[in-house]
file structure.cif (mmCIF, N, CA and C atoms)
data_target
#
loop_
_atom_site.label_atom_id
_atom_site.label_comp_id
_atom_site.auth_asym_id
_atom_site.auth_seq_id
_atom_site.Cartn_x
_atom_site.Cartn_y
_atom_site.Cartn_z
N MET A 1 78.36 119.04 89.30
CA MET A 1 79.57 118.54 89.91
C MET A 1 79.82 119.34 91.19
N ASN A 2 79.98 118.63 92.30
CA ASN A 2 80.20 119.34 93.56
C ASN A 2 81.71 119.48 93.83
N ILE A 3 82.02 120.26 94.84
CA ILE A 3 83.42 120.61 95.13
C ILE A 3 84.22 119.39 95.57
N SER A 4 83.60 118.45 96.30
CA SER A 4 84.37 117.29 96.78
C SER A 4 84.77 116.37 95.63
N SER A 5 83.93 116.24 94.60
CA SER A 5 84.31 115.41 93.47
C SER A 5 85.42 116.06 92.66
N ILE A 6 85.45 117.38 92.61
CA ILE A 6 86.53 118.10 91.93
C ILE A 6 87.84 117.89 92.68
N VAL A 7 87.78 118.00 94.00
CA VAL A 7 88.98 117.79 94.82
C VAL A 7 89.48 116.36 94.68
N ASP A 8 88.56 115.38 94.69
CA ASP A 8 88.96 113.98 94.52
C ASP A 8 89.65 113.75 93.18
N ARG A 9 89.18 114.40 92.15
CA ARG A 9 89.82 114.24 90.84
C ARG A 9 91.21 114.87 90.80
N LEU A 10 91.37 116.01 91.45
CA LEU A 10 92.66 116.70 91.43
C LEU A 10 93.67 116.06 92.37
N VAL A 11 93.24 115.71 93.56
CA VAL A 11 94.15 115.26 94.60
C VAL A 11 94.19 113.74 94.69
N GLY A 12 93.10 113.08 94.41
CA GLY A 12 93.01 111.64 94.61
C GLY A 12 92.33 111.35 95.93
N ASP A 13 92.25 110.09 96.25
CA ASP A 13 91.61 109.68 97.49
C ASP A 13 92.51 110.03 98.67
N VAL A 14 92.03 110.89 99.53
CA VAL A 14 92.80 111.36 100.67
C VAL A 14 92.98 110.25 101.69
N GLY A 15 92.02 109.35 101.79
CA GLY A 15 92.10 108.24 102.74
C GLY A 15 93.31 107.35 102.47
N ASP A 16 93.56 107.04 101.19
CA ASP A 16 94.72 106.21 100.84
C ASP A 16 96.02 106.92 101.19
N LYS A 17 96.06 108.22 101.00
CA LYS A 17 97.27 108.98 101.33
C LYS A 17 97.52 108.97 102.83
N LYS A 18 96.45 109.07 103.62
CA LYS A 18 96.59 109.00 105.07
C LYS A 18 97.07 107.63 105.50
N ARG A 19 96.54 106.58 104.87
CA ARG A 19 96.98 105.22 105.19
C ARG A 19 98.45 105.04 104.83
N TRP A 20 98.89 105.59 103.69
CA TRP A 20 100.29 105.49 103.27
C TRP A 20 101.20 106.18 104.28
N ARG A 21 100.81 107.38 104.70
CA ARG A 21 101.63 108.12 105.67
C ARG A 21 101.69 107.39 107.01
N ALA A 22 100.58 106.80 107.43
CA ALA A 22 100.56 106.05 108.68
C ALA A 22 101.46 104.81 108.57
N TYR A 23 101.41 104.14 107.42
CA TYR A 23 102.30 102.99 107.21
C TYR A 23 103.76 103.42 107.27
N ARG A 24 104.10 104.51 106.58
CA ARG A 24 105.49 104.97 106.55
C ARG A 24 105.97 105.31 107.97
N ALA A 25 105.12 105.91 108.79
CA ALA A 25 105.48 106.23 110.17
C ALA A 25 105.72 104.94 110.96
N ARG A 26 104.87 103.93 110.76
CA ARG A 26 105.07 102.65 111.44
C ARG A 26 106.35 101.98 111.00
N ALA A 27 106.63 102.01 109.70
CA ALA A 27 107.83 101.36 109.18
C ALA A 27 109.09 102.07 109.69
N LYS A 28 109.02 103.38 109.80
CA LYS A 28 110.17 104.15 110.30
C LYS A 28 110.46 103.86 111.77
N ALA A 29 109.44 103.50 112.52
CA ALA A 29 109.59 103.26 113.96
C ALA A 29 110.10 101.85 114.27
N LEU A 30 110.21 100.99 113.26
CA LEU A 30 110.68 99.63 113.49
C LEU A 30 112.17 99.62 113.87
N PRO A 31 112.61 98.60 114.62
CA PRO A 31 114.04 98.47 114.92
C PRO A 31 114.83 98.27 113.62
N GLY A 32 116.11 98.57 113.66
CA GLY A 32 116.98 98.59 112.48
C GLY A 32 116.85 97.44 111.51
N PRO A 33 117.09 96.18 111.93
CA PRO A 33 117.02 95.07 110.97
C PRO A 33 115.64 94.89 110.36
N TYR A 34 114.60 95.10 111.16
CA TYR A 34 113.24 94.96 110.64
C TYR A 34 112.93 96.08 109.65
N ARG A 35 113.39 97.27 109.95
CA ARG A 35 113.18 98.41 109.05
C ARG A 35 113.88 98.17 107.72
N THR A 36 115.10 97.64 107.77
CA THR A 36 115.83 97.35 106.53
C THR A 36 115.10 96.32 105.69
N ALA A 37 114.61 95.26 106.33
CA ALA A 37 113.87 94.23 105.60
C ALA A 37 112.57 94.79 105.03
N THR A 38 111.88 95.61 105.80
CA THR A 38 110.64 96.21 105.33
C THR A 38 110.89 97.13 104.15
N GLU A 39 111.95 97.91 104.20
CA GLU A 39 112.28 98.80 103.09
C GLU A 39 112.58 98.00 101.82
N GLY A 40 113.29 96.89 101.97
CA GLY A 40 113.60 96.05 100.81
C GLY A 40 112.35 95.44 100.20
N LEU A 41 111.48 94.91 101.03
CA LEU A 41 110.24 94.34 100.52
C LEU A 41 109.33 95.41 99.91
N GLU A 42 109.30 96.58 100.53
CA GLU A 42 108.52 97.68 99.98
C GLU A 42 109.03 98.08 98.60
N ARG A 43 110.34 98.18 98.47
CA ARG A 43 110.95 98.54 97.19
C ARG A 43 110.60 97.50 96.13
N TYR A 44 110.67 96.22 96.51
CA TYR A 44 110.32 95.15 95.57
C TYR A 44 108.86 95.27 95.13
N LEU A 45 107.97 95.46 96.09
CA LEU A 45 106.55 95.54 95.75
C LEU A 45 106.24 96.75 94.87
N LEU A 46 106.91 97.87 95.13
CA LEU A 46 106.65 99.07 94.34
C LEU A 46 107.15 98.92 92.90
N TYR A 47 108.30 98.29 92.71
CA TYR A 47 108.89 98.24 91.37
C TYR A 47 108.56 96.98 90.60
N ALA A 48 108.48 95.83 91.27
CA ALA A 48 108.30 94.58 90.55
C ALA A 48 107.05 93.82 90.96
N GLY A 49 106.29 94.38 91.88
CA GLY A 49 105.12 93.67 92.40
C GLY A 49 103.98 93.57 91.42
N GLY A 50 103.86 94.50 90.51
CA GLY A 50 102.80 94.46 89.50
C GLY A 50 101.42 94.75 90.07
N VAL A 51 101.35 95.48 91.16
CA VAL A 51 100.05 95.84 91.75
C VAL A 51 99.59 97.14 91.11
N ALA A 52 98.41 97.11 90.51
CA ALA A 52 97.93 98.29 89.79
C ALA A 52 97.07 99.21 90.65
N LYS A 53 96.44 98.66 91.66
CA LYS A 53 95.55 99.48 92.49
C LYS A 53 96.28 99.91 93.75
N GLY A 54 96.24 101.19 94.03
CA GLY A 54 96.95 101.74 95.17
C GLY A 54 96.45 101.23 96.51
N ASP A 55 95.13 101.04 96.64
CA ASP A 55 94.60 100.58 97.91
C ASP A 55 95.04 99.15 98.23
N VAL A 56 95.22 98.33 97.19
CA VAL A 56 95.71 96.96 97.39
C VAL A 56 97.16 96.99 97.87
N LEU A 57 97.96 97.84 97.26
CA LEU A 57 99.36 97.95 97.65
C LEU A 57 99.49 98.45 99.08
N VAL A 58 98.71 99.44 99.45
CA VAL A 58 98.77 99.97 100.82
C VAL A 58 98.35 98.89 101.81
N GLN A 59 97.34 98.10 101.47
CA GLN A 59 96.91 97.01 102.35
C GLN A 59 98.03 95.99 102.52
N MET A 60 98.70 95.65 101.42
CA MET A 60 99.81 94.70 101.51
C MET A 60 100.94 95.25 102.39
N LEU A 61 101.25 96.51 102.27
CA LEU A 61 102.30 97.10 103.07
C LEU A 61 101.90 97.22 104.53
N GLU A 62 100.63 97.50 104.79
CA GLU A 62 100.15 97.52 106.18
C GLU A 62 100.25 96.13 106.80
N ASP A 63 99.93 95.10 106.02
CA ASP A 63 100.08 93.73 106.51
C ASP A 63 101.54 93.41 106.78
N LEU A 64 102.43 93.90 105.93
CA LEU A 64 103.85 93.72 106.15
C LEU A 64 104.30 94.36 107.46
N ALA A 65 103.81 95.55 107.73
CA ALA A 65 104.17 96.23 108.98
C ALA A 65 103.61 95.47 110.18
N ASP A 66 102.45 94.84 110.02
CA ASP A 66 101.88 94.04 111.11
C ASP A 66 102.77 92.84 111.44
N LEU A 67 103.37 92.27 110.40
CA LEU A 67 104.25 91.11 110.63
C LEU A 67 105.45 91.52 111.45
#
call {"tool": "encode", "arguments": {"input": "structure.cif", "output": "structure tokens"}}
result
Amino acid sequence: MNISSIVDRLVGDVGDKKRWRAYRARAKALPGPYRTATEGLERYLLYAGGVAKGDVLVQMLEDLADL
């Protein structure tokens, strides 16, 4: 077992975390009404969306920020 696989098990995929942080920065930079709508949709997807894979959820939220 090499050191990178140990880190991946302890920390998780660092790429997904970077994508999440980049999405949050984009969402924060949106104008007020758009930011409010994005936060509401994000909250819905996190709690009631039923998405089990983190990378799928991040992709959906990135698409939301693109809209």
call {"tool": "closest_residue", "arguments": {"input": "structure.cif", "among": "A:Ala27, A:Ile6, A:Pro33, A:Val14", "to": "A:Gly54", "atoms": "only C-alpha atoms"}}
result
A:Val14
call {"tool": "resolve_selection", "arguments": {"input": "structure.cif", "expression": "the PyMOL selection byres (((chain A and resi 57-65 and name CA) around 10) and name CA)", "output": "list of chain:residue names"}}
result
A:Asp16, A:Lys17, A:Arg19, A:Trp20, A:Arg21, A:Ala22, A:Tyr23, A:Arg24, A:Arg26, A:Ala27, A:Leu30, A:Tyr34, A:Arg35, A:Thr38, A:Leu41, A:Glu42, A:Leu45, A:Leu46, A:Gly49, A:Gly50, A:Val51, A:Ala52, A:Lys53, A:Gly54, A:Asp55, A:Val56, A:Asp66, A:Leu67
call {"tool": "atom_distance", "arguments": {"input": "structure.cif", "atom1": "atom CA of A:Gly32", "atom2": "atom C of A:Tyr47"}}
result
23.5 Å
call {"tool": "select_by_dssp", "arguments": {"input": "structure.cif", "residues": "stretch 8-65 of chain A", "states": "helix (DSSP H, G or I)", "output": "ChimeraX atom specification"}}
result
/A:8-11,14-28,32-48,54-65
call {"tool": "atom_distance", "arguments": {"input": "structure.cif", "atom1": "atom N of A:Arg43", "atom2": "atom C of A:Lys28"}}
result
14.5 Å
call {"tool": "atom_distance", "arguments": {"input": "structure.cif", "atom1": "atom N of A:Gly40", "atom2": "atom C of A:Lys18"}}
result
19.8 Å
